[in-house]
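J.: You'll find protein24.cif just under this line, and it carries mmCIF, C-alpha atoms; chains and numbers go by the auth columns.
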```
data_entry
loop_
_atom_site.group_PDB
_atom_site.id
_atom_site.type_symbol
_atom_site.label_atom_id
_atom_site.label_comp_id
_atom_site.label_asym_id
_atom_site.label_seq_id
_atom_site.Cartn_x
_atom_site.Cartn_y
_atom_site.Cartn_z
_atom_site.B_iso_or_equiv
_atom_site.auth_seq_id
_atom_site.auth_asym_id
ATOM 1 C CA MET A 1 6.849 13.962 -5.277 0.00 1 A
ATOM 2 C CA LYS A 2 9.019 11.094 -4.117 0.00 2 A
ATOM 3 C CA THR A 3 6.302 8.466 -4.436 0.00 3 A
ATOM 4 C CA LEU A 4 7.373 5.522 -6.558 0.00 4 A
ATOM 5 C CA LEU A 5 4.809 3.756 -8.690 0.00 5 A
ATOM 6 C CA LEU A 6 5.562 0.077 -9.001 0.00 6 A
ATOM 7 C CA ALA A 7 3.619 -1.527 -11.803 0.00 7 A
ATOM 8 C CA LEU A 8 2.442 -4.902 -10.604 0.00 8 A
ATOM 9 C CA SER A 9 -0.096 -6.852 -12.611 0.00 9 A
ATOM 10 C CA SER A 10 -2.598 -9.192 -11.051 0.00 10 A
ATOM 11 C CA LEU A 11 -2.103 -8.100 -7.445 0.00 11 A
ATOM 12 C CA VAL A 12 -5.380 -8.398 -5.594 0.00 12 A
ATOM 13 C CA VAL A 13 -6.795 -5.700 -3.333 0.00 13 A
ATOM 14 C CA THR A 14 -9.843 -7.160 -1.606 0.00 14 A
ATOM 15 C CA THR A 15 -11.942 -6.604 1.453 0.00 15 A
ATOM 16 C CA LEU A 16 -10.648 -9.704 3.243 0.00 16 A
ATOM 17 C CA PHE A 17 -7.482 -10.220 5.239 0.00 17 A
ATOM 18 C CA ALA A 18 -5.352 -13.111 4.162 0.00 18 A
ATOM 19 C CA ALA A 19 -5.450 -15.928 6.681 0.00 19 A
ATOM 20 C CA ASP A 20 -1.729 -16.576 6.469 0.00 20 A
ATOM 21 C CA SER A 21 -0.313 -13.179 5.543 0.00 21 A
ATOM 22 C CA PRO A 22 2.592 -11.983 7.673 0.00 22 A
ATOM 23 C CA PRO A 23 1.074 -10.606 10.887 0.00 23 A
ATOM 24 C CA VAL A 24 1.657 -7.181 12.359 0.00 24 A
ATOM 25 C CA GLY A 25 4.997 -7.346 14.146 0.00 25 A
ATOM 26 C CA ALA A 26 6.503 -9.833 11.692 0.00 26 A
ATOM 27 C CA ALA A 27 9.323 -8.992 9.332 0.00 27 A
ATOM 28 C CA ALA A 28 8.070 -8.172 5.862 0.00 28 A
ATOM 29 C CA PRO A 29 9.350 -10.570 3.195 0.00 29 A
ATOM 30 C CA ASP A 30 11.691 -9.006 0.667 0.00 30 A
ATOM 31 C CA PHE A 31 10.575 -8.516 -2.927 0.00 31 A
ATOM 32 C CA SER A 32 11.873 -7.078 -6.184 0.00 32 A
ATOM 33 C CA LEU A 33 9.542 -5.227 -8.532 0.00 33 A
ATOM 34 C CA PRO A 34 10.102 -2.935 -11.498 0.00 34 A
ATOM 35 C CA ASP A 35 8.746 0.594 -11.437 0.00 35 A
ATOM 36 C CA ALA A 36 6.978 2.189 -14.389 0.00 36 A
ATOM 37 C CA SER A 37 10.338 3.092 -15.973 0.00 37 A
ATOM 38 C CA GLY A 38 11.712 -0.432 -15.580 0.00 38 A
ATOM 39 C CA LYS A 39 14.010 0.274 -12.607 0.00 39 A
ATOM 40 C CA THR A 40 13.947 -2.589 -10.102 0.00 40 A
ATOM 41 C CA HIS A 41 13.253 -1.847 -6.448 0.00 41 A
ATOM 42 C CA ASN A 42 13.987 -4.287 -3.628 0.00 42 A
ATOM 43 C CA LEU A 43 12.177 -3.796 -0.362 0.00 43 A
ATOM 44 C CA SER A 44 15.446 -4.503 1.457 0.00 44 A
ATOM 45 C CA GLN A 45 17.063 -1.415 -0.092 0.00 45 A
ATOM 46 C CA TYR A 46 14.774 0.721 2.089 0.00 46 A
ATOM 47 C CA LYS A 47 15.800 -0.841 5.402 0.00 47 A
ATOM 48 C CA GLY A 48 16.318 1.909 7.963 0.00 48 A
ATOM 49 C CA LYS A 49 13.333 3.903 6.674 0.00 49 A
ATOM 50 C CA TYR A 50 9.615 3.813 7.195 0.00 50 A
ATOM 51 C CA VAL A 51 7.905 2.314 4.138 0.00 51 A
ATOM 52 C CA VAL A 52 4.280 2.542 3.024 0.00 52 A
ATOM 53 C CA LEU A 53 3.091 -0.092 0.555 0.00 53 A
ATOM 54 C CA GLU A 54 -0.144 1.142 -0.999 0.00 54 A
ATOM 55 C CA TRP A 55 -2.109 -0.948 -3.483 0.00 55 A
ATOM 56 C CA PHE A 56 -3.605 1.047 -6.332 0.00 56 A
ATOM 57 C CA ASN A 57 -6.183 0.334 -9.034 0.00 57 A
ATOM 58 C CA PRO A 58 -6.917 3.509 -11.032 0.00 58 A
ATOM 59 C CA GLU A 59 -10.445 2.368 -11.881 0.00 59 A
ATOM 60 C CA CYS A 60 -11.453 1.579 -8.298 0.00 60 A
ATOM 61 C CA PRO A 61 -13.976 4.072 -6.875 0.00 61 A
ATOM 62 C CA PHE A 62 -12.232 3.946 -3.485 0.00 62 A
ATOM 63 C CA VAL A 63 -8.913 4.864 -5.114 0.00 63 A
ATOM 64 C CA LYS A 64 -10.666 7.620 -7.083 0.00 64 A
ATOM 65 C CA LYS A 65 -12.057 8.942 -3.782 0.00 65 A
ATOM 66 C CA HIS A 66 -8.570 9.487 -2.388 0.00 66 A
ATOM 67 C CA TYR A 67 -6.747 10.469 -5.591 0.00 67 A
ATOM 68 C CA GLY A 68 -9.552 12.518 -7.177 0.00 68 A
ATOM 69 C CA SER A 69 -9.827 14.640 -4.046 0.00 69 A
ATOM 70 C CA GLY A 70 -6.057 15.091 -3.716 0.00 70 A
ATOM 71 C CA ASN A 71 -6.180 13.404 -0.309 0.00 71 A
ATOM 72 C CA MET A 72 -3.672 10.677 -1.166 0.00 72 A
ATOM 73 C CA GLN A 73 -1.231 13.029 -2.868 0.00 73 A
ATOM 74 C CA LYS A 74 -1.324 15.313 0.183 0.00 74 A
ATOM 75 C CA LEU A 75 -0.672 12.361 2.511 0.00 75 A
ATOM 76 C CA GLN A 76 2.157 11.090 0.296 0.00 76 A
ATOM 77 C CA GLY A 77 3.738 14.554 0.128 0.00 77 A
ATOM 78 C CA GLU A 78 3.538 15.048 3.883 0.00 78 A
ATOM 79 C CA TYR A 79 5.251 11.777 4.728 0.00 79 A
ATOM 80 C CA THR A 80 7.776 11.544 1.899 0.00 80 A
ATOM 81 C CA GLY A 81 8.813 15.018 3.089 0.00 81 A
ATOM 82 C CA LYS A 82 9.565 13.378 6.452 0.00 82 A
ATOM 83 C CA GLY A 83 11.721 10.679 4.822 0.00 83 A
ATOM 84 C CA VAL A 84 9.072 7.955 4.477 0.00 84 A
ATOM 85 C CA VAL A 85 9.380 5.794 1.360 0.00 85 A
ATOM 86 C CA TRP A 86 5.962 5.479 -0.290 0.00 86 A
ATOM 87 C CA LEU A 87 5.612 2.659 -2.811 0.00 87 A
ATOM 88 C CA THR A 88 2.365 2.649 -4.751 0.00 88 A
ATOM 89 C CA ILE A 89 1.792 -0.746 -6.319 0.00 89 A
ATOM 90 C CA ASP A 90 -0.275 -0.543 -9.485 0.00 90 A
ATOM 91 C CA SER A 91 -2.381 -3.590 -10.213 0.00 91 A
ATOM 92 C CA ASN A 92 -2.981 -2.900 -13.910 0.00 92 A
ATOM 93 C CA ALA A 93 -3.922 -5.646 -16.334 0.00 93 A
ATOM 94 C CA PRO A 94 -1.356 -7.200 -18.699 0.00 94 A
ATOM 95 C CA GLY A 95 -0.363 -5.029 -21.617 0.00 95 A
ATOM 96 C CA TYR A 96 0.126 -1.859 -19.604 0.00 96 A
ATOM 97 C CA GLU A 97 3.590 -0.328 -19.314 0.00 97 A
ATOM 98 C CA GLY A 98 5.704 -1.834 -16.547 0.00 98 A
ATOM 99 C CA ASN A 99 3.406 -4.704 -15.632 0.00 99 A
ATOM 100 C CA LEU A 100 4.723 -8.034 -14.439 0.00 100 A
ATOM 101 C CA SER A 101 3.943 -11.288 -16.122 0.00 101 A
ATOM 102 C CA PRO A 102 1.135 -13.272 -14.500 0.00 102 A
ATOM 103 C CA GLU A 103 3.744 -15.732 -13.219 0.00 103 A
ATOM 104 C CA GLN A 104 5.727 -12.955 -11.502 0.00 104 A
ATOM 105 C CA ALA A 105 2.587 -11.419 -10.015 0.00 105 A
ATOM 106 C CA GLN A 106 1.353 -14.798 -8.800 0.00 106 A
ATOM 107 C CA LYS A 107 4.708 -15.412 -7.110 0.00 107 A
ATOM 108 C CA VAL A 108 4.459 -12.090 -5.269 0.00 108 A
ATOM 109 C CA MET A 109 0.842 -12.837 -4.363 0.00 109 A
ATOM 110 C CA LYS A 110 1.828 -16.272 -3.061 0.00 110 A
ATOM 111 C CA ASP A 111 4.900 -15.026 -1.179 0.00 111 A
ATOM 112 C CA TRP A 112 3.061 -12.117 0.411 0.00 112 A
ATOM 113 C CA ASP A 113 -0.479 -13.484 0.224 0.00 113 A
ATOM 114 C CA THR A 114 -1.178 -9.808 -0.266 0.00 114 A
ATOM 115 C CA LYS A 115 -4.695 -8.520 0.047 0.00 115 A
ATOM 116 C CA GLN A 116 -4.214 -5.420 2.163 0.00 116 A
ATOM 117 C CA THR A 117 -5.014 -1.933 0.984 0.00 117 A
ATOM 118 C CA ALA A 118 -1.970 -0.604 2.842 0.00 118 A
ATOM 119 C CA LEU A 119 0.981 -1.991 4.774 0.00 119 A
ATOM 120 C CA LEU A 120 3.317 0.128 6.887 0.00 120 A
ATOM 121 C CA LEU A 121 6.809 -1.042 7.745 0.00 121 A
ATOM 122 C CA ASP A 122 9.073 0.388 10.414 0.00 122 A
ATOM 123 C CA PRO A 123 12.785 1.058 9.803 0.00 123 A
ATOM 124 C CA GLU A 124 13.594 -2.512 10.915 0.00 124 A
ATOM 125 C CA GLY A 125 11.339 -3.876 8.152 0.00 125 A
ATOM 126 C CA LYS A 126 8.600 -5.066 10.517 0.00 126 A
ATOM 127 C CA ILE A 127 4.924 -4.657 9.691 0.00 127 A
ATOM 128 C CA ILE A 128 3.428 -2.036 12.016 0.00 128 A
ATOM 129 C CA TYR A 129 0.053 -1.563 10.303 0.00 129 A
ATOM 130 C CA GLU A 130 -2.088 -3.412 7.787 0.00 130 A
ATOM 131 C CA GLY A 131 -5.502 -2.538 6.501 0.00 131 A
ATOM 132 C CA ALA A 132 -7.583 0.304 5.149 0.00 132 A
ATOM 133 C CA ILE A 133 -6.429 3.815 4.358 0.00 133 A
ATOM 134 C CA ASP A 134 -9.261 5.252 6.424 0.00 134 A
ATOM 135 C CA SER A 135 -12.294 4.402 8.533 0.00 135 A
ATOM 136 C CA LYS A 136 -15.022 4.959 5.917 0.00 136 A
ATOM 137 C CA ALA A 137 -15.426 2.281 3.261 0.00 137 A
ATOM 138 C CA SER A 138 -17.161 4.719 0.982 0.00 138 A
ATOM 139 C CA PRO A 139 -16.260 5.970 -2.496 0.00 139 A
ATOM 140 C CA ASN A 140 -17.568 9.441 -1.578 0.00 140 A
ATOM 141 C CA PRO A 141 -14.799 12.062 -1.182 0.00 141 A
ATOM 142 C CA ALA A 142 -17.134 14.061 1.079 0.00 142 A
ATOM 143 C CA ASP A 143 -16.557 11.355 3.725 0.00 143 A
ATOM 144 C CA ILE A 144 -12.807 12.031 3.976 0.00 144 A
ATOM 145 C CA PRO A 145 -12.951 14.925 6.486 0.00 145 A
ATOM 146 C CA SER A 146 -15.062 12.923 8.949 0.00 146 A
ATOM 147 C CA SER A 147 -13.025 9.716 8.665 0.00 147 A
ATOM 148 C CA THR A 148 -9.986 8.575 10.619 0.00 148 A
ATOM 149 C CA ASN A 149 -6.964 8.212 8.345 0.00 149 A
ATOM 150 C CA TYR A 150 -5.439 5.031 9.750 0.00 150 A
ATOM 151 C CA VAL A 151 -2.230 5.372 7.734 0.00 151 A
ATOM 152 C CA LYS A 152 -1.601 8.898 9.036 0.00 152 A
ATOM 153 C CA VAL A 153 -2.362 7.915 12.637 0.00 153 A
ATOM 154 C CA ALA A 154 -0.086 4.860 12.449 0.00 154 A
ATOM 155 C CA LEU A 155 2.785 6.823 10.939 0.00 155 A
ATOM 156 C CA ASP A 156 2.437 9.668 13.445 0.00 156 A
ATOM 157 C CA GLU A 157 2.333 7.295 16.403 0.00 157 A
ATOM 158 C CA SER A 158 5.237 5.140 15.280 0.00 158 A
ATOM 159 C CA MET A 159 7.424 8.046 14.190 0.00 159 A
ATOM 160 C CA SER A 160 6.957 9.650 17.619 0.00 160 A
ATOM 161 C CA GLY A 161 8.122 6.463 19.353 0.00 161 A
ATOM 162 C CA LYS A 162 4.696 5.169 20.350 0.00 162 A
ATOM 163 C CA LEU A 163 3.150 1.805 19.579 0.00 163 A
ATOM 164 C CA VAL A 164 0.552 1.932 16.816 0.00 164 A
ATOM 165 C CA SER A 165 -2.771 1.966 18.663 0.00 165 A
ATOM 166 C CA LYS A 166 -4.799 0.436 15.814 0.00 166 A
ATOM 167 C CA ALA A 167 -2.352 -1.784 13.939 0.00 167 A
ATOM 168 C CA ASP A 168 -4.961 -3.920 12.164 0.00 168 A
ATOM 169 C CA THR A 169 -8.075 -2.694 10.348 0.00 169 A
ATOM 170 C CA ARG A 170 -10.453 -4.266 7.870 0.00 170 A
ATOM 171 C CA PRO A 171 -9.306 -3.242 4.395 0.00 171 A
ATOM 172 C CA TYR A 172 -11.674 -2.265 1.626 0.00 172 A
ATOM 173 C CA GLY A 173 -10.989 -1.870 -2.057 0.00 173 A
ATOM 174 C CA CYS A 174 -11.414 -3.423 -5.474 0.00 174 A
ATOM 175 C CA SER A 175 -10.189 -6.644 -6.998 0.00 175 A
ATOM 176 C CA VAL A 176 -7.964 -6.692 -10.053 0.00 176 A
ATOM 177 C CA LYS A 177 -9.834 -6.830 -13.346 0.00 177 A
ATOM 178 C CA TYR A 178 -8.272 -9.369 -15.706 0.00 178 A
ATOM 179 C CA LYS A 179 -8.594 -9.040 -19.470 0.00 179 A
#
```
As C-alpha coordinates, please, write out the structure in this file.

T.:
Amino acid sequence: MKTLLLALSSLVVTTLFAADSPPVGAAAPDFSLPDASGKTHNLSQYKGKYVVLEWFNPECPFVKKHYGSGNMQKLQGEYTGKGVVWLTIDSNAPGYEGNLSPEQAQKVMKDWDTKQTALLLDPEGKIIYEGAIDSKASPNPADIPSSTNYVKVALDESMSGKLVSKADTRPYGCSVKYK
(Lines of atoms letter the chains of each structure in order from A and count residues from 1; the text may use other names and numbers.)
(Lines give C-alpha, C1' and ligand atoms only; values in the text may rest on other atoms or scores of the structure.)
Protein backbone atom coordinates (compact mmCIF):
# COMPACT_ATOMS: atom_id res chain seq x y z
CA MET A 1 0.00 0.00 0.00
CA LYS A 2 1.26 3.45 -0.87
CA THR A 3 0.12 5.05 2.38
CA LEU A 4 2.92 6.88 4.16
CA LEU A 5 2.98 6.95 7.93
CA LEU A 6 4.44 10.16 9.24
CA ALA A 7 5.36 9.91 12.88
CA LEU A 8 4.38 13.15 14.54
CA SER A 9 4.40 13.44 18.31
CA SER A 10 2.05 15.67 20.22
CA LEU A 11 -0.33 16.44 17.35
CA VAL A 12 -3.82 16.87 18.72
CA VAL A 13 -6.90 15.25 17.21
CA THR A 14 -9.92 16.68 19.01
CA THR A 15 -13.61 17.15 18.50
CA LEU A 16 -13.35 20.91 17.99
CA PHE A 17 -12.44 22.89 14.90
CA ALA A 18 -9.65 25.35 15.33
CA ALA A 19 -10.91 28.92 15.25
CA ASP A 20 -8.06 30.13 13.08
CA SER A 21 -7.11 27.05 11.09
CA PRO A 22 -6.81 27.54 7.34
CA PRO A 23 -10.37 27.48 5.96
CA VAL A 24 -11.66 25.27 3.19
CA GLY A 25 -10.56 26.89 -0.06
CA ALA A 26 -7.32 28.26 1.40
CA ALA A 27 -3.90 27.04 0.39
CA ALA A 28 -2.52 24.52 2.84
CA PRO A 29 0.69 25.67 4.54
CA ASP A 30 3.76 23.64 3.63
CA PHE A 31 5.39 21.38 6.21
CA SER A 32 8.26 18.93 6.49
CA LEU A 33 7.92 15.79 8.60
CA PRO A 34 9.91 12.58 8.85
CA ASP A 35 8.23 9.26 8.17
CA ALA A 36 8.74 6.19 10.34
CA SER A 37 11.99 5.37 8.49
CA GLY A 38 13.36 8.90 8.90
CA LYS A 39 12.75 10.08 5.32
CA THR A 40 11.53 13.68 5.24
CA HIS A 41 8.37 14.53 3.33
CA ASN A 42 7.40 18.07 2.33
CA LEU A 43 3.78 18.74 1.53
CA SER A 44 4.92 20.83 -1.44
CA GLN A 45 6.50 17.77 -3.08
CA TYR A 46 2.98 16.43 -3.68
CA LYS A 47 1.70 19.48 -5.56
CA GLY A 48 -0.26 18.34 -8.59
CA LYS A 49 -1.83 15.42 -6.70
CA TYR A 50 -4.74 14.99 -4.37
CA VAL A 51 -3.51 14.58 -0.79
CA VAL A 52 -5.29 13.15 2.25
CA LEU A 53 -3.87 14.10 5.65
CA GLU A 54 -5.28 11.68 8.21
CA TRP A 55 -4.50 11.99 11.91
CA PHE A 56 -3.95 8.67 13.65
CA ASN A 57 -3.71 7.56 17.28
CA PRO A 58 -3.46 3.75 17.49
CA GLU A 59 -5.09 3.66 20.93
CA CYS A 60 -8.12 5.75 19.96
CA PRO A 61 -11.34 3.70 19.79
CA PHE A 62 -12.47 5.68 16.73
CA VAL A 63 -9.22 4.82 14.93
CA LYS A 64 -9.61 1.19 16.02
CA LYS A 65 -13.13 1.24 14.53
CA HIS A 66 -11.79 2.09 11.08
CA TYR A 67 -8.50 0.16 11.18
CA GLY A 68 -9.74 -2.90 13.09
CA SER A 69 -12.53 -3.40 10.57
CA GLY A 70 -10.24 -2.88 7.56
CA ASN A 71 -12.35 0.09 6.49
CA MET A 72 -9.48 2.59 6.46
CA GLN A 73 -7.08 0.27 4.67
CA LYS A 74 -9.71 -0.37 1.99
CA LEU A 75 -10.30 3.37 1.55
CA GLN A 76 -6.55 4.05 1.41
CA GLY A 77 -6.02 1.28 -1.15
CA GLU A 78 -8.87 2.49 -3.35
CA TYR A 79 -7.62 6.07 -3.54
CA THR A 80 -3.87 5.51 -3.59
CA GLY A 81 -4.66 3.23 -6.54
CA LYS A 82 -6.15 6.31 -8.22
CA GLY A 83 -2.99 8.37 -7.58
CA VAL A 84 -4.05 10.05 -4.33
CA VAL A 85 -1.24 10.60 -1.81
CA TRP A 86 -2.40 9.45 1.63
CA LEU A 87 -0.33 10.70 4.56
CA THR A 88 -1.23 9.19 7.90
CA ILE A 89 0.13 11.32 10.71
CA ASP A 90 0.86 9.31 13.84
CA SER A 91 0.51 11.22 17.08
CA ASN A 92 2.53 8.84 19.26
CA ALA A 93 4.10 9.95 22.51
CA PRO A 94 7.83 10.76 22.76
CA GLY A 95 10.11 7.76 22.74
CA TYR A 96 8.43 6.00 19.84
CA GLU A 97 10.32 5.50 16.59
CA GLY A 98 10.16 8.47 14.24
CA ASN A 99 8.50 10.92 16.61
CA LEU A 100 9.24 14.62 16.53
CA SER A 101 10.51 16.54 19.48
CA PRO A 102 7.83 18.43 21.41
CA GLU A 103 9.24 21.68 19.98
CA GLN A 104 8.87 20.43 16.39
CA ALA A 105 5.36 19.12 17.04
CA GLN A 106 4.33 22.36 18.73
CA LYS A 107 5.60 24.33 15.73
CA VAL A 108 3.49 22.21 13.37
CA MET A 109 0.51 22.54 15.71
CA LYS A 110 0.96 26.31 15.84
CA ASP A 111 1.53 26.69 12.09
CA TRP A 112 -1.42 24.50 11.16
CA ASP A 113 -3.47 24.89 14.34
CA THR A 114 -4.34 21.33 13.44
CA LYS A 115 -7.24 19.64 15.12
CA GLN A 116 -8.99 17.99 12.21
CA THR A 117 -9.41 14.26 11.86
CA ALA A 118 -8.86 14.55 8.10
CA LEU A 119 -7.89 17.22 5.59
CA LEU A 120 -8.16 16.79 1.83
CA LEU A 121 -6.11 18.90 -0.55
CA ASP A 122 -6.68 19.30 -4.26
CA PRO A 123 -3.82 19.19 -6.80
CA GLU A 124 -3.32 22.96 -6.38
CA GLY A 125 -2.70 22.46 -2.64
CA LYS A 126 -6.00 24.00 -1.54
CA ILE A 127 -8.05 22.54 1.29
CA ILE A 128 -11.22 21.00 -0.16
CA TYR A 129 -12.45 19.14 2.93
CA GLU A 130 -11.82 19.19 6.66
CA GLY A 131 -13.46 17.16 9.36
CA ALA A 132 -14.53 13.66 10.29
CA ILE A 133 -13.87 10.48 8.35
CA ASP A 134 -17.55 9.59 8.51
CA SER A 135 -20.94 10.66 9.81
CA LYS A 136 -21.13 8.46 12.92
CA ALA A 137 -19.03 9.52 15.90
CA SER A 138 -19.13 6.02 17.29
CA PRO A 139 -16.34 3.55 18.06
CA ASN A 140 -18.57 0.68 16.88
CA PRO A 141 -17.44 -0.87 13.56
CA ALA A 142 -21.03 -2.07 13.01
CA ASP A 143 -21.93 1.59 12.34
CA ILE A 144 -19.64 1.87 9.29
CA PRO A 145 -22.06 0.45 6.68
CA SER A 146 -24.83 2.87 7.66
CA SER A 147 -22.59 5.95 7.85
CA THR A 148 -21.62 8.43 5.15
CA ASN A 149 -17.88 8.33 4.50
CA TYR A 150 -17.17 12.04 4.08
CA VAL A 151 -13.62 11.49 2.84
CA LYS A 152 -14.79 9.13 0.08
CA VAL A 153 -17.62 11.44 -0.97
CA ALA A 154 -15.31 14.48 -1.07
CA LEU A 155 -12.66 12.67 -3.10
CA ASP A 156 -15.21 11.24 -5.54
CA GLU A 157 -16.86 14.62 -6.07
CA SER A 158 -13.65 16.57 -6.48
CA MET A 159 -11.95 14.00 -8.69
CA SER A 160 -14.98 14.04 -11.02
CA GLY A 161 -14.74 17.83 -11.37
CA LYS A 162 -17.55 18.71 -8.97
CA LEU A 163 -17.42 20.99 -5.95
CA VAL A 164 -17.32 19.11 -2.65
CA SER A 165 -20.91 19.24 -1.40
CA LYS A 166 -20.03 18.89 2.29
CA ALA A 167 -16.60 20.48 2.65
CA ASP A 168 -16.75 21.01 6.42
CA THR A 169 -17.89 18.51 9.05
CA ARG A 170 -17.50 18.29 12.80
CA PRO A 171 -14.49 16.07 13.50
CA TYR A 172 -14.40 13.50 16.26
CA GLY A 173 -11.45 11.64 17.68
CA CYS A 174 -9.06 11.38 20.60
CA SER A 175 -6.52 13.74 22.06
CA VAL A 176 -2.85 12.86 22.25
CA LYS A 177 -1.83 11.13 25.47
CA TYR A 178 1.39 12.60 26.85
CA LYS A 179 3.72 10.56 29.05

J.: Expanded to explicit residues, what is the PyMOL selection byres ((chain A and resi 24-29) around 10) for this file, as a list in words?

T.: Ser21, Pro22, Pro23, Asp30, Phe31, Leu43, Ser44, Val108, Asp111, Trp112, Leu119, Leu120, Leu121, Asp122, Glu124, Gly125, Lys126, Ile127, Ile128, Tyr129, Glu130, Ala167 and Asp168 of chain A

J.: What is the distance between atom CA of A:Gln73 and atom CA of A:Leu87, in Å to one decimal?

T.: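 Distance between the two atoms: 12.4 Å.
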
J.: Using atom CA of A:Phe62 and atom CA of A:Ala132 as the two end points, give the distance in Å to one decimal.

T.: 10.5 Å

J.: Using only C-alpha atoms, which of the listed residues (A:Ser158, A:Thr169, A:Ser146, A:Ser69) sits closest to A:Ile133?

T.: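 Of A:Ser158, A:Thr169, A:Ser146, A:Ser69, the one nearest A:Ile133 is A:Thr169, counting only C-alpha atoms.
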
J.: Set up a box along x, y and z of the file covering all listed atoms of stretch 45-57 of chain A, add 4 Å on every one of the six sides, and write the centre and edge lengths in Å to one decimal, as lines of an AutoDock Vina configuration file.

T.:
```
center_x = 5.4
center_y = 1.2
center_z = -0.5
size_x = 31.2
size_y = 13.3
size_z = 25.0
```

J.: Where does the PyMOL selection byres ((chain A and resi 80) around 12) land in this file, that is, which residues does it pick, as a list in words?

T.: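 Matching residues under the PyMOL selection byres ((chain A and resi 80) around 12) are Met1, Lys2, Thr3, Leu4, Lys49, Tyr50, Val51, Val52, Met72, Gln73, Lys74, Leu75, Gln76, Gly77, Glu78, Tyr79, Gly81, Lys82, Gly83, Val84, Val85, Trp86, Leu87 and Leu155 of chain A.
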
J.: Between atom CA of A:Cys174 and atom CA of A:Ser135, measure the distance and give it in Å to one decimal.

T.: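 Computing it gives 16.1 Å between the two atoms.
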
J.: Of the residues A:Asn71, A:Ser32, A:Asn57, A:Asn42, which is the one nearest to A:Pro141, using all atoms listed in the file?

T.: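 Using all atoms listed in the file, A:Pro141 sits closest to A:Asn71.
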
J.: Measuring between only C-alpha atoms, which one of A:Leu33, A:His41, A:Ala142, A:Lys136 shows the shortest distance to A:Pro171?

T.: A:Lys136

J.: Using only C-alpha atoms, find the one residue out of A:Lys47, A:His66, A:Leu53, A:Tyr172 that sits nearest to A:Pro145.

T.: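 Closest candidate: A:His66.
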
J.: Written as number ranges by chain, what is the full residue list that the PyMOL selection byres ((chain A and resi 149) around 9) yields on the file shown?

T.: A: 132-135, 144, 147-148, 150-154

J.: Restricting the calculation to all atoms listed in the file, which member of A:Glu54, A:Thr40, A:Tyr46, A:Pro61 is positioned closest to A:Pro139?

T.: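 For A:Pro139, the nearest of the candidates is A:Pro61.
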
J.: Taking all atoms listed in the file into account, name the residue in A:Pro123, A:Gly161, A:Asn140, A:Lys166 that is nearest to A:Gln45.

T.: A:Pro123
